[in-house]
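J.: Below is target28.cif; it holds mmCIF, C-alpha atoms and all ligand atoms.
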data_protein
#
loop_
_atom_site.label_atom_id
_atom_site.label_comp_id
_atom_site.auth_asym_id
_atom_site.auth_seq_id
_atom_site.Cartn_x
_atom_site.Cartn_y
_atom_site.Cartn_z
CA MET A 1036 0.00 0.00 0.00
CA ALA A 1037 2.87 2.35 0.69
CA GLN A 1038 3.46 4.71 -2.21
CA THR A 1039 7.16 4.50 -2.18
CA ALA A 1040 9.58 6.05 -4.63
CA PRO A 1041 13.35 5.92 -4.52
CA ALA A 1042 14.83 8.86 -2.61
CA ARG A 1043 17.28 9.41 -5.44
CA ARG A 1044 16.25 9.02 -9.03
CA PRO A 1045 18.55 8.53 -11.97
CA SER A 1046 18.35 11.34 -14.50
CA ARG A 1047 18.35 10.70 -18.24
CA SER A 1048 22.11 10.88 -18.27
CA GLY A 1049 22.18 8.13 -15.67
CA ALA A 1050 23.62 10.39 -12.96
CA GLU A 1051 21.76 10.54 -9.68
CA ARG A 1052 19.95 13.73 -8.88
CA PRO A 1053 18.23 14.62 -5.63
CA SER A 1054 14.50 13.95 -5.52
CA PRO A 1055 12.11 16.66 -4.46
CA ALA A 1056 11.78 17.08 -0.70
CA SER A 1057 8.19 15.82 -0.85
CA VAL A 1058 9.30 12.44 -2.22
CA GLU A 1059 11.78 11.96 0.58
CA ILE A 1060 9.31 13.02 3.26
CA LEU A 1061 6.57 10.72 1.96
CA ASP A 1062 9.01 7.86 1.56
CA ILE A 1063 10.02 8.05 5.20
CA ALA A 1064 6.44 8.47 6.40
CA PHE A 1065 4.98 5.54 4.44
CA HIS A 1066 7.89 3.32 5.37
CA ARG A 1067 7.45 4.06 9.09
CA ALA A 1068 3.70 3.49 8.84
CA ASP A 1069 4.31 0.09 7.23
CA LEU A 1070 6.32 -1.06 10.24
CA SER A 1071 3.28 -0.86 12.51
CA ASN A 1072 2.56 -3.77 14.79
CA PRO A 1073 -1.23 -3.97 15.19
CA LYS A 1074 -2.89 -5.42 18.27
CA GLY A 1075 -6.22 -7.21 18.60
CA ARG A 1076 -7.74 -10.55 19.46
CA THR A 1077 -9.37 -11.12 16.07
CA LYS A 1078 -8.12 -10.51 12.54
CA ALA A 1079 -10.82 -7.84 12.08
CA GLU A 1080 -9.55 -5.97 15.16
CA ARG A 1081 -5.97 -6.20 13.96
CA ASP A 1082 -6.93 -4.98 10.46
CA ARG A 1083 -8.66 -1.94 11.92
CA HIS A 1084 -5.80 -1.19 14.29
CA ARG A 1085 -3.29 -1.54 11.42
CA ALA A 1086 -5.25 0.99 9.35
CA GLU A 1087 -5.42 3.39 12.30
CA LEU A 1088 -1.71 3.10 12.89
CA LYS A 1089 -0.96 3.75 9.21
CA VAL A 1090 -2.99 6.95 9.23
CA VAL A 1091 -1.70 8.22 12.57
CA ARG A 1092 1.96 7.29 12.09
CA SER A 1093 2.30 8.51 8.52
CA ALA A 1094 0.60 11.80 9.39
CA ALA A 1095 2.73 12.26 12.52
CA THR A 1096 5.93 11.62 10.54
CA VAL A 1097 5.01 14.00 7.74
CA ILE A 1098 4.00 16.72 10.21
CA ARG A 1099 7.19 16.29 12.20
CA LEU A 1100 9.36 16.52 9.09
CA LEU A 1101 7.51 19.57 7.76
CA GLN A 1102 7.73 21.30 11.11
CA ALA A 1103 11.46 20.61 11.22
CA GLU A 1104 11.75 22.58 7.96
CA THR A 1105 10.05 25.63 9.45
CA ARG A 1106 11.37 25.37 13.00
CA ARG A 1107 14.95 26.12 11.97
CA PHE A 1108 13.82 29.67 11.17
CA ARG A 1109 12.11 30.09 14.52
CA ARG A 1110 14.43 28.45 17.02
CA PRO A 1111 16.44 30.49 17.50
CA PRO A 1112 14.44 33.21 15.79
CA LEU A 1113 16.03 35.06 12.89
CA THR A 1114 17.60 38.36 13.78
CA ASP A 1115 16.35 41.50 12.03
CA PHE A 1116 19.61 41.56 10.12
CA GLU A 1117 19.20 37.98 8.88
CA ARG A 1118 15.66 38.81 7.80
CA ALA A 1119 16.91 41.89 5.96
CA LEU A 1120 19.63 39.89 4.18
CA ILE A 1121 17.14 37.24 3.09
CA ALA A 1122 14.59 39.83 1.98
CA ARG A 1123 17.18 41.71 -0.07
CA ARG A 1124 18.48 38.61 -1.79
CA PHE A 1125 15.29 36.63 -2.29
CA GLY A 1126 12.58 39.27 -2.19
CA GLU A 1127 10.46 40.78 0.56
CA GLY A 1128 8.02 38.26 2.06
CA THR A 1129 9.50 35.20 0.31
CA LEU A 1130 10.44 33.48 3.54
CA ASP A 1131 7.16 34.22 5.31
CA ARG A 1132 5.11 33.08 2.33
CA SER A 1133 6.86 29.70 2.25
CA LEU A 1134 6.61 29.31 6.03
CA THR A 1135 2.90 30.09 5.87
CA ARG A 1136 2.25 27.62 3.05
CA VAL A 1137 4.07 24.83 4.87
CA GLY A 1138 2.18 25.69 8.08
CA ARG A 1139 -1.10 25.57 6.16
CA ALA A 1140 -0.22 22.14 4.72
CA VAL A 1141 0.40 20.88 8.27
CA ASP A 1142 -3.04 22.13 9.34
CA ARG A 1143 -4.70 20.47 6.36
CA ILE A 1144 -2.95 17.17 7.04
CA ARG A 1145 -4.12 17.32 10.65
CA GLY A 1146 -7.71 17.83 9.50
CA LEU A 1147 -7.35 15.03 6.97
CA GLN A 1148 -6.01 12.75 9.68
CA ARG A 1149 -9.00 13.44 11.96
CA ASP A 1150 -11.45 12.68 9.13
CA SER A 1151 -9.63 9.49 8.17
CA GLU A 1152 -9.43 8.23 11.73
CA ARG A 1153 -13.20 8.65 11.96
CA ALA A 1154 -13.71 6.87 8.62
CA VAL A 1155 -11.42 4.00 9.65
CA HIS A 1156 -13.36 3.67 12.89
CA HIS A 1157 -16.61 3.18 10.94
CA ALA A 1158 -15.22 1.12 8.03
CA ALA A 1159 -17.07 -2.18 7.51
CA GLY A 1160 -14.21 -4.52 6.67
CA ALA A 1161 -10.72 -5.06 5.28
CA ASP A 1162 -11.64 -3.73 1.82
CA GLU A 1163 -13.12 -0.50 3.14
CA LEU A 1164 -10.19 -0.04 5.48
CA GLY A 1165 -7.81 -0.43 2.54
CA VAL A 1166 -9.73 2.09 0.46
CA GLU A 1167 -9.74 4.59 3.31
CA VAL A 1168 -6.02 4.31 4.00
CA ARG A 1169 -5.19 4.64 0.29
CA ARG A 1170 -7.44 7.70 0.05
CA PHE A 1171 -5.71 9.24 3.06
CA TYR A 1172 -2.24 8.52 1.65
CA GLY A 1173 -3.17 10.03 -1.70
CA ARG A 1174 -4.61 13.22 -0.23
CA MET A 1175 -1.79 13.70 2.20
CA ALA A 1176 0.75 13.14 -0.59
CA SER A 1177 -0.89 15.79 -2.77
CA HIS A 1178 -0.76 18.33 0.11
CA VAL A 1179 2.95 17.63 0.54
CA ARG A 1180 3.68 17.77 -3.20
CA GLU A 1181 1.90 21.09 -3.46
CA ILE A 1182 4.50 22.70 -1.23
CA ASP A 1183 7.54 21.19 -2.93
CA ALA A 1184 8.72 24.56 -4.21
CA ASP A 1185 8.36 26.02 -0.71
CA LEU A 1186 10.35 23.20 0.85
CA ALA A 1187 13.10 23.69 -1.72
CA ARG A 1188 13.05 27.44 -1.10
CA LEU A 1189 13.29 26.97 2.68
CA LYS A 1190 16.30 24.70 2.23
CA GLN A 1191 17.93 27.29 -0.01
CA LEU A 1192 17.26 30.11 2.49
CA ASP A 1193 18.57 28.00 5.32
CA ARG A 1194 21.81 27.29 3.47
CA PHE A 1195 22.15 31.01 2.68
CA ARG A 1196 21.61 31.86 6.33
CA GLU A 1197 24.03 29.17 7.52
CA ASP A 1198 26.72 30.66 5.30
CA ARG A 1199 26.33 34.08 6.93
CA PRO A 1200 27.64 35.02 10.36
CA ARG A 1201 25.16 35.14 13.17
CA LEU A 1202 25.47 38.58 14.69
CA ASP A 1203 24.68 39.58 18.23
CA PRO A 1204 22.21 42.43 17.72
CA ASN A 1205 23.27 43.98 21.04
CA ALA A 1206 27.01 44.04 20.40
CA PRO A 1207 28.64 47.09 18.81
CA THR A 1208 29.33 46.40 15.16
CA LEU A 1209 31.90 47.95 12.88
CA VAL A 1210 31.02 47.46 9.21
CA VAL A 1211 34.04 47.84 6.94
CA ALA A 1212 32.89 48.94 3.50
CA GLY A 1213 34.08 50.59 0.32
CA PHE A 1214 34.88 49.92 -3.32
CA PRO A 1215 36.31 46.53 -4.32
CA ASN A 1216 40.03 45.88 -3.82
CA VAL A 1217 40.63 48.95 -1.64
CA GLY A 1218 41.89 46.84 1.29
CA LYS A 1219 38.79 46.15 3.42
CA SER A 1220 39.56 42.51 4.16
CA SER A 1221 43.20 43.30 4.95
CA LEU A 1222 41.97 45.82 7.50
CA VAL A 1223 39.40 43.44 8.98
CA ALA A 1224 42.17 40.85 9.43
CA ARG A 1225 44.23 43.45 11.29
CA LEU A 1226 41.38 44.74 13.43
CA SER A 1227 39.75 41.47 14.45
CA SER A 1228 40.00 37.73 14.84
CA ALA A 1229 38.78 37.15 11.27
CA HIS A 1230 41.00 35.64 8.57
CA PRO A 1231 39.34 36.76 5.35
CA LYS A 1232 40.78 36.03 1.94
CA VAL A 1233 42.90 38.89 0.61
CA ALA A 1234 43.83 39.13 -3.06
CA ASP A 1235 44.78 41.72 -5.60
CA TYR A 1236 41.61 41.61 -7.64
CA PRO A 1237 38.12 43.03 -7.13
CA PHE A 1238 35.28 41.00 -5.60
CA THR A 1239 37.54 38.68 -3.66
CA THR A 1240 35.00 38.94 -0.84
CA LEU A 1241 31.56 37.83 -1.98
CA ALA A 1242 29.68 37.53 1.29
CA ILE A 1243 29.84 39.23 4.66
CA ALA A 1244 32.06 37.67 7.31
CA VAL A 1245 32.63 38.56 10.93
CA GLY A 1246 35.59 38.77 13.28
CA HIS A 1247 35.72 39.99 16.86
CA ALA A 1248 37.81 42.50 18.74
CA ASP A 1249 37.79 42.99 22.51
CA LEU A 1250 38.04 46.56 23.60
CA GLY A 1251 37.69 47.04 27.32
CA PHE A 1252 34.29 45.68 28.26
CA ASP A 1253 33.05 45.79 24.69
CA ARG A 1254 33.40 42.95 22.26
CA TRP A 1255 33.11 44.48 18.83
CA GLN A 1256 31.87 42.59 15.83
CA VAL A 1257 33.93 43.59 12.82
CA LEU A 1258 32.17 42.88 9.54
CA ASP A 1259 34.01 42.40 6.28
CA THR A 1260 31.79 43.18 3.30
CA PRO A 1261 31.98 42.68 -0.46
CA GLY A 1262 33.06 45.72 -2.45
CA VAL A 1263 30.39 48.06 -3.78
CA LEU A 1264 30.54 49.82 -7.11
CA GLY A 1265 27.97 52.44 -6.27
CA ARG A 1266 25.42 51.51 -8.91
CA SER A 1267 22.57 51.14 -6.45
CA HIS A 1268 19.96 50.34 -9.12
CA ARG A 1269 22.12 47.59 -10.68
CA ALA A 1270 23.80 46.23 -7.58
CA ASN A 1271 24.84 42.58 -7.79
CA PRO A 1272 23.90 40.28 -4.89
CA ALA A 1273 27.27 40.77 -3.18
CA GLU A 1274 26.96 44.56 -3.33
CA ALA A 1275 23.39 44.40 -2.06
CA GLU A 1276 24.61 42.35 0.88
CA ALA A 1277 27.23 44.96 1.74
CA ARG A 1278 24.63 47.68 1.59
CA THR A 1279 22.31 45.71 3.89
CA ALA A 1280 25.14 45.35 6.40
CA VAL A 1281 25.76 49.10 6.31
CA GLU A 1282 22.07 49.91 6.68
CA ARG A 1283 21.00 47.25 9.16
CA ALA A 1284 23.97 46.03 11.17
CA ALA A 1285 26.40 48.91 11.56
CA SER A 1286 26.92 50.81 14.80
CA VAL A 1287 29.77 52.52 12.98
CA VAL A 1288 30.64 52.28 9.28
CA LEU A 1289 34.32 52.30 8.43
CA PHE A 1290 34.52 53.60 4.87
CA VAL A 1291 37.83 52.55 3.36
CA LEU A 1292 39.35 54.58 0.54
CA ASP A 1293 42.36 53.61 -1.52
CA PRO A 1294 44.16 56.87 -2.37
CA THR A 1295 47.11 55.28 -4.16
CA PRO A 1296 47.75 56.69 -7.64
CA GLY A 1297 46.43 54.22 -10.17
CA ALA A 1298 43.79 52.86 -7.78
CA GLU A 1299 40.84 51.46 -9.65
CA PRO A 1300 38.41 53.14 -9.43
CA PRO A 1301 40.24 56.41 -8.80
CA LEU A 1302 39.79 58.25 -5.53
CA GLU A 1303 37.33 60.79 -7.02
CA GLU A 1304 34.89 58.01 -7.82
CA GLN A 1305 35.30 56.52 -4.34
CA GLU A 1306 34.58 59.98 -2.89
CA GLU A 1307 31.36 60.16 -4.89
CA LEU A 1308 30.08 56.94 -3.37
CA LEU A 1309 31.03 58.13 0.11
CA ALA A 1310 29.20 61.43 -0.41
CA ARG A 1311 26.12 59.56 -1.62
CA TRP A 1312 26.07 57.23 1.37
CA LYS A 1313 26.34 60.20 3.70
CA ARG A 1314 23.30 61.72 2.02
CA GLU A 1315 21.35 58.45 1.96
CA LEU A 1316 22.22 57.37 5.50
CA PRO A 1317 21.84 60.47 7.65
CA GLY A 1318 22.64 59.87 11.29
CA ARG A 1319 24.71 56.76 10.60
CA PRO A 1320 28.25 57.36 11.87
CA ILE A 1321 30.67 56.94 8.98
CA LEU A 1322 34.38 57.03 9.71
CA GLU A 1323 36.59 57.57 6.68
CA VAL A 1324 40.09 56.15 6.38
CA GLU A 1325 42.64 56.19 3.62
CA THR A 1326 44.53 52.94 3.60
CA LYS A 1327 47.77 51.57 2.09
CA ALA A 1328 49.65 54.39 3.86
CA ASP A 1329 52.86 52.37 3.54
CA LEU A 1330 52.57 52.90 -0.22
CA PHE A 1331 51.19 56.40 -0.42
CA ARG A 1332 49.98 59.23 1.79
CA ARG A 1333 47.92 61.90 0.15
CA PRO A 1334 49.42 65.28 0.91
CA GLY A 1335 46.94 67.59 2.64
CA SER A 1336 44.40 64.85 3.41
CA GLU A 1337 42.83 65.29 6.82
CA ARG A 1338 41.63 61.72 6.96
CA LEU A 1339 43.25 59.12 9.13
CA HIS A 1340 45.91 57.21 7.19
CA VAL A 1341 46.32 53.54 8.01
CA SER A 1342 48.27 50.61 6.67
CA SER A 1343 47.29 46.98 7.01
CA ALA A 1344 50.80 46.06 5.88
CA THR A 1345 52.59 47.83 8.75
CA GLY A 1346 49.81 48.37 11.29
CA GLU A 1347 50.33 52.11 11.15
CA GLY A 1348 47.37 54.18 12.34
CA LEU A 1349 45.35 51.27 13.70
CA ASP A 1350 45.51 52.25 17.40
CA GLU A 1351 44.39 55.72 16.45
CA LEU A 1352 41.63 54.18 14.33
CA TRP A 1353 40.24 52.24 17.31
CA GLU A 1354 40.46 55.36 19.45
CA ARG A 1355 38.32 57.23 16.95
CA ILE A 1356 35.83 54.37 16.73
CA ARG A 1357 35.53 54.28 20.51
CA GLY A 1358 35.13 58.05 20.55
CA ILE A 1359 32.21 57.83 18.13
CA TRP A 1360 30.69 54.92 20.03
CA SER A 1361 30.88 56.57 23.42
CA SER A 1362 29.21 59.71 22.10
CA MET A 1363 26.29 57.75 20.65
CA PRO A 1364 23.00 57.68 22.58
CA ARG A 1365 22.62 54.60 24.76
CA PRO A 1366 19.45 52.53 25.02
CA GLU A 1367 17.65 52.38 28.37
CA ARG A 1368 19.54 50.41 30.97
CA LEU A 1369 18.25 46.92 31.65
CA PRO A 1370 16.14 46.61 34.83
CA GLU A 1371 18.27 43.69 36.11
CA GLU A 1372 21.31 45.90 36.03
CA GLU A 1373 19.56 48.68 37.95
CA ASP A 1374 18.64 46.20 40.64
CA ALA A 1375 22.03 44.52 40.77
CA PRO A 1376 23.52 44.43 44.30
CA GLU A 1377 26.38 46.84 44.84
CA ASP A 1378 28.93 44.17 45.67
CA GLU A 1379 28.13 42.23 42.51
CA GLU A 1380 31.29 40.95 40.87
CA ARG A 1381 32.50 43.38 38.25
CA PRO A 1382 32.79 41.96 34.74
CA ARG A 1383 36.22 40.76 33.74
CA ALA A 1384 38.14 43.08 31.47
CA GLY A 1385 37.16 42.18 27.95
CA ALA A 1386 34.20 40.09 29.10
CA TYR A 1387 31.36 41.10 26.86
CA ARG A 1388 28.18 42.31 28.51
CA GLY A 1389 26.47 43.87 25.54
CA ARG A 1390 25.62 47.47 24.80
CA HIS A 1391 24.78 48.13 28.40
CA ALA A 1392 28.21 47.26 29.72
CA ALA A 1393 30.08 49.83 31.75
CA ARG A 1394 32.74 51.41 29.64
N1 LIG B 1 50.84 47.68 0.58
C1 LIG B 1 49.61 47.50 1.02
N2 LIG B 1 48.78 46.69 0.35
C2 LIG B 1 47.52 46.51 0.84
C3 LIG B 1 47.07 47.15 2.01
N3 LIG B 1 45.80 46.80 2.22
C4 LIG B 1 45.48 45.97 1.23
N4 LIG B 1 46.51 45.79 0.39
C5 LIG B 1 46.51 44.97 -0.82
O1 LIG B 1 45.42 45.36 -1.64
C6 LIG B 1 44.85 44.23 -2.31
C7 LIG B 1 43.37 44.13 -1.99
O2 LIG B 1 43.22 43.87 -0.61
P1 LIG B 1 41.90 43.23 0.01
O3 LIG B 1 42.02 43.38 1.48
O4 LIG B 1 41.61 41.89 -0.55
O5 LIG B 1 40.83 44.26 -0.57
P2 LIG B 1 39.23 44.21 -0.44
O6 LIG B 1 38.77 45.63 -0.36
O7 LIG B 1 38.83 43.31 0.65
O8 LIG B 1 38.85 43.61 -1.85
P3 LIG B 1 37.44 42.91 -2.28
O9 LIG B 1 37.13 41.83 -1.30
O10 LIG B 1 37.73 42.37 -3.62
O11 LIG B 1 36.42 43.99 -2.30
C8 LIG B 1 45.66 43.02 -1.82
O12 LIG B 1 46.65 42.75 -2.77
C9 LIG B 1 46.27 43.50 -0.52
O13 LIG B 1 47.49 42.86 -0.22
C10 LIG B 1 47.99 48.00 2.71
O14 LIG B 1 47.69 48.62 3.72
N5 LIG B 1 49.23 48.13 2.15
MG MG B 2 37.66 41.62 0.64
#
Starting from the file, lay out its structure as structure tokens.

T.:
Amino acid sequence: MAQTAPARRPSRSGAERPSPASVEILDIAFHRADLSNPKGRTKAERDRHRAELKVVRSAATVIRLLQAETRRFRRPPLTDFERALIARRFGEGTLDRSLTRVGRAVDRIRGLQRDSERAVHHAAGADELGVEVRRFYGRMASHVREIDADLARLKQLDRFREDRPRLDPNAPTLVVAGFPNVGKSSLVARLSSAHPKVADYPFTTLAIAVGHADLGFDRWQVLDTPGVLGRSHRANPAEAEARTAVERAASVVLFVLDPTPGAEPPLEEQEELLARWKRELPGRPILEVETKADLFRRPGSERLHVSSATGEGLDELWERIRGIWSSMPRPERLPEEEDAPEDEERPRAGAYRGRHAAR
């Protein structure tokens, strides 16, 4: 009776390709239901119990597997930043629509199960029981197949999310941004625990990555971002991700400029992007640095000059970041902290206690 299909099906070329999620889910569910061990004194009692078990077990397995697909987005819940990244890459509402459709399928299967249990209870004999179980299997299978695209989409979104760092929304975050190849990743490697790939070509970094830096009681998250070309209407996915980080994750943006003669694009073009971001992101602290100071220092520039090659200017850079951070408005203190006893142990130096930490 089980409507089984192989979990992997050979394609025309003979190579194996993954089957749709629905096939795998139904395979598991029907297989488990087939293993039932019915009880009863008579054959008729055992037949009825077997049919009940098939309905209940297959439904329970399908529901559990579908809920596992949605639960990974709820426990732990997505941060606002993760939601923003997903919305920017896959479209606003895409995730919620798929979650809703899977949730709706679960509800329908529950309803179907209740109806079938009732029908099995009243079925007259082995033939009717068989018809009822087959009908239930068929209907449940069509509900699961209907959401195949959503299951595939949820898997894709989950992989995307897994490949991105999970940020602490309460920790101060430095987002390092700028044109491609200006030296962002080199700086992130110097400023934090991250080890990003550094190379002399644009778009080496294709997705955001995080490192950490302990400063006093604050543990900063330092975000490396893909380079942006400043064509906001034609931004590629990597650029869009950088922009999302600047808009949604940054406590402070570190805008990196490469002033070396022959830099591509030239400094004037980098300045244009910086000026646009300042207009578009009012109120967002943007600290500007000119990097590669070991190669070139622009005469007359009032910006901080730093070098990831020699470490020059990096202490001063952190000082400025801390200066900006300490002048920013703080959120309300947490009630627990207000009520904390006076002799409470002070946090260890460098031990992170979030935005509300003494500094
Ligand atoms: N001499 C010198 N070279 C640097 C410095 N910073 C970066 N570079 C070089 O500049 C090139 C680009 O550096 P990356 O850190 O990969 O630049 P990026 O901005 O992260 O590049 P994308 O990820 O492609 O956007 C590499 O060849 C680095 O070695 C620096 O301070 N001094
Ligand atoms: Mg990089």

J.: Pick out the closest residue to Phe1171 (chain A) from this set: A:Gln1102, A:Thr1326, A:Thr1345, A:Ser1093. Count all atoms listed in the file.

T.: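 Under the stated criterion, the closest residue is A:Ser1093.
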
J.: Check which residues of chain A sit at most 8 Å from ligand LIG 1 (chain B) using only C-alpha atoms and all ligand atoms, and return one row each with the closest pair of atoms and their distance in Å to one decimal, ordered by chain and rising number, as JSON lines.

T.:
{"residue": "A:Ala1212", "atom": "CA", "partner": "B:LIG1", "partner_atom": "O6", "distance": 7.8}
{"residue": "A:Gly1213", "atom": "CA", "partner": "B:LIG1", "partner_atom": "O6", "distance": 6.9}
{"residue": "A:Phe1214", "atom": "CA", "partner": "B:LIG1", "partner_atom": "O11", "distance": 6.2}
{"residue": "A:Pro1215", "atom": "CA", "partner": "B:LIG1", "partner_atom": "O11", "distance": 3.2}
{"residue": "A:Asn1216", "atom": "CA", "partner": "B:LIG1", "partner_atom": "O8", "distance": 3.2}
{"residue": "A:Val1217", "atom": "CA", "partner": "B:LIG1", "partner_atom": "O6", "distance": 4.0}
{"residue": "A:Gly1218", "atom": "CA", "partner": "B:LIG1", "partner_atom": "O5", "distance": 3.4}
{"residue": "A:Lys1219", "atom": "CA", "partner": "B:LIG1", "partner_atom": "O6", "distance": 3.8}
{"residue": "A:Ser1220", "atom": "CA", "partner": "B:LIG1", "partner_atom": "O7", "distance": 3.7}
{"residue": "A:Ser1221", "atom": "CA", "partner": "B:LIG1", "partner_atom": "O3", "distance": 3.7}
{"residue": "A:Leu1222", "atom": "CA", "partner": "B:LIG1", "partner_atom": "O3", "distance": 6.5}
{"residue": "A:Val1223", "atom": "CA", "partner": "B:LIG1", "partner_atom": "O3", "distance": 7.9}
{"residue": "A:Lys1232", "atom": "CA", "partner": "B:LIG1", "partner_atom": "O4", "distance": 6.4}
{"residue": "A:Val1233", "atom": "CA", "partner": "B:LIG1", "partner_atom": "O4", "distance": 3.5}
{"residue": "A:Ala1234", "atom": "CA", "partner": "B:LIG1", "partner_atom": "O4", "distance": 4.3}
{"residue": "A:Asp1235", "atom": "CA", "partner": "B:LIG1", "partner_atom": "O12", "distance": 3.5}
{"residue": "A:Tyr1236", "atom": "CA", "partner": "B:LIG1", "partner_atom": "O10", "distance": 5.6}
{"residue": "A:Pro1237", "atom": "CA", "partner": "B:LIG1", "partner_atom": "O10", "distance": 3.6}
{"residue": "A:Phe1238", "atom": "CA", "partner": "B:LIG1", "partner_atom": "O10", "distance": 3.4}
{"residue": "A:Thr1239", "atom": "CA", "partner": "B:LIG1", "partner_atom": "O10", "distance": 3.7}
{"residue": "A:Thr1240", "atom": "CA", "partner": "B:LIG1", "partner_atom": "O9", "distance": 3.6}
{"residue": "A:Leu1241", "atom": "CA", "partner": "B:LIG1", "partner_atom": "O9", "distance": 6.9}
{"residue": "A:Asp1259", "atom": "CA", "partner": "B:LIG1", "partner_atom": "O7", "distance": 7.5}
{"residue": "A:Thr1260", "atom": "CA", "partner": "B:LIG1", "partner_atom": "O9", "distance": 7.2}
{"residue": "A:Pro1261", "atom": "CA", "partner": "B:LIG1", "partner_atom": "O11", "distance": 5.0}
{"residue": "A:Gly1262", "atom": "CA", "partner": "B:LIG1", "partner_atom": "O11", "distance": 3.8}
{"residue": "A:Val1263", "atom": "CA", "partner": "B:LIG1", "partner_atom": "O11", "distance": 7.4}
{"residue": "A:Val1291", "atom": "CA", "partner": "B:LIG1", "partner_atom": "O6", "distance": 7.9}
{"residue": "A:Thr1326", "atom": "CA", "partner": "B:LIG1", "partner_atom": "O14", "distance": 5.4}
{"residue": "A:Lys1327", "atom": "CA", "partner": "B:LIG1", "partner_atom": "O14", "distance": 3.4}
{"residue": "A:Ala1328", "atom": "CA", "partner": "B:LIG1", "partner_atom": "O14", "distance": 6.1}
{"residue": "A:Asp1329", "atom": "CA", "partner": "B:LIG1", "partner_atom": "N5", "distance": 5.8}
{"residue": "A:Leu1330", "atom": "CA", "partner": "B:LIG1", "partner_atom": "N1", "distance": 5.6}
{"residue": "A:Val1341", "atom": "CA", "partner": "B:LIG1", "partner_atom": "O14", "distance": 6.7}
{"residue": "A:Ser1342", "atom": "CA", "partner": "B:LIG1", "partner_atom": "O14", "distance": 3.6}
{"residue": "A:Ser1343", "atom": "CA", "partner": "B:LIG1", "partner_atom": "O14", "distance": 3.7}
{"residue": "A:Ala1344", "atom": "CA", "partner": "B:LIG1", "partner_atom": "N5", "distance": 4.5}
{"residue": "A:Thr1345", "atom": "CA", "partner": "B:LIG1", "partner_atom": "O14", "distance": 7.1}
{"residue": "A:Gly1346", "atom": "CA", "partner": "B:LIG1", "partner_atom": "O14", "distance": 7.9}

J.: Take the selection from the previous step and output its residues with C-alpha atoms, as a PDB file, in the coordinates of the input.

T.:
ATOM      1  CA  ALA A1212      32.890  48.940   3.500  1.00  0.00           C
ATOM      2  CA  GLY A1213      34.080  50.590   0.320  1.00  0.00           C
ATOM      3  CA  PHE A1214      34.880  49.920  -3.320  1.00  0.00           C
ATOM      4  CA  PRO A1215      36.310  46.530  -4.320  1.00  0.00           C
ATOM      5  CA  ASN A1216      40.030  45.880  -3.820  1.00  0.00           C
ATOM      6  CA  VAL A1217      40.630  48.950  -1.640  1.00  0.00           C
ATOM      7  CA  GLY A1218      41.890  46.840   1.290  1.00  0.00           C
ATOM      8  CA  LYS A1219      38.790  46.150   3.420  1.00  0.00           C
ATOM      9  CA  SER A1220      39.560  42.510   4.160  1.00  0.00           C
ATOM     10  CA  SER A1221      43.200  43.300   4.950  1.00  0.00           C
ATOM     11  CA  LEU A1222      41.970  45.820   7.500  1.00  0.00           C
ATOM     12  CA  VAL A1223      39.400  43.440   8.980  1.00  0.00           C
ATOM     13  CA  LYS A1232      40.780  36.030   1.940  1.00  0.00           C
ATOM     14  CA  VAL A1233      42.900  38.890   0.610  1.00  0.00           C
ATOM     15  CA  ALA A1234      43.830  39.130  -3.060  1.00  0.00           C
ATOM     16  CA  ASP A1235      44.780  41.720  -5.600  1.00  0.00           C
ATOM     17  CA  TYR A1236      41.610  41.610  -7.640  1.00  0.00           C
ATOM     18  CA  PRO A1237      38.120  43.030  -7.130  1.00  0.00           C
ATOM     19  CA  PHE A1238      35.280  41.000  -5.600  1.00  0.00           C
ATOM     20  CA  THR A1239      37.540  38.680  -3.660  1.00  0.00           C
ATOM     21  CA  THR A1240      35.000  38.940  -0.840  1.00  0.00           C
ATOM     22  CA  LEU A1241      31.560  37.830  -1.980  1.00  0.00           C
ATOM     23  CA  ASP A1259      34.010  42.400   6.280  1.00  0.00           C
ATOM     24  CA  THR A1260      31.790  43.180   3.300  1.00  0.00           C
ATOM     25  CA  PRO A1261      31.980  42.680  -0.460  1.00  0.00           C
ATOM     26  CA  GLY A1262      33.060  45.720  -2.450  1.00  0.00           C
ATOM     27  CA  VAL A1263      30.390  48.060  -3.780  1.00  0.00           C
ATOM     28  CA  VAL A1291      37.830  52.550   3.360  1.00  0.00           C
ATOM     29  CA  THR A1326      44.530  52.940   3.600  1.00  0.00           C
ATOM     30  CA  LYS A1327      47.770  51.570   2.090  1.00  0.00           C
ATOM     31  CA  ALA A1328      49.650  54.390   3.860  1.00  0.00           C
ATOM     32  CA  ASP A1329      52.860  52.370   3.540  1.00  0.00           C
ATOM     33  CA  LEU A1330      52.570  52.900  -0.220  1.00  0.00           C
ATOM     34  CA  VAL A1341      46.320  53.540   8.010  1.00  0.00           C
ATOM     35  CA  SER A1342      48.270  50.610   6.670  1.00  0.00           C
ATOM     36  CA  SER A1343      47.290  46.980   7.010  1.00  0.00           C
ATOM     37  CA  ALA A1344      50.800  46.060   5.880  1.00  0.00           C
ATOM     38  CA  THR A1345      52.590  47.830   8.750  1.00  0.00           C
ATOM     39  CA  GLY A1346      49.810  48.370  11.290  1.00  0.00           C
TER      40      GLY A1346
END

J.: Work out how far CA of Arg1333 (chain A) is from CA of Trp1255 (chain A), in Å to one decimal.

T.: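 So the two atoms, CA of Trp1255 (chain A) and CA of Arg1333 (chain A), lie 29.5 Å apart.
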
J.: For Leu1289 (chain A), list every protein, DNA or RNA residue within 8 Å, evaluated using all atoms listed in the file, and leave out those in the same chain fewer than 4 positions away; present the list as a compact mmCIF listing (two decimals) with C-alpha atoms, in the frame of the given file.

T.:
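After the write, out-v6.txt holds the following:
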# COMPACT_ATOMS: atom_id res chain seq x y z
CA LEU A 1209 31.90 47.95 12.88
CA VAL A 1210 31.02 47.46 9.21
CA VAL A 1211 34.04 47.84 6.94
CA ALA A 1212 32.89 48.94 3.50
CA ILE A 1321 30.67 56.94 8.98
CA LEU A 1322 34.38 57.03 9.71
CA GLU A 1323 36.59 57.57 6.68
CA VAL A 1324 40.09 56.15 6.38
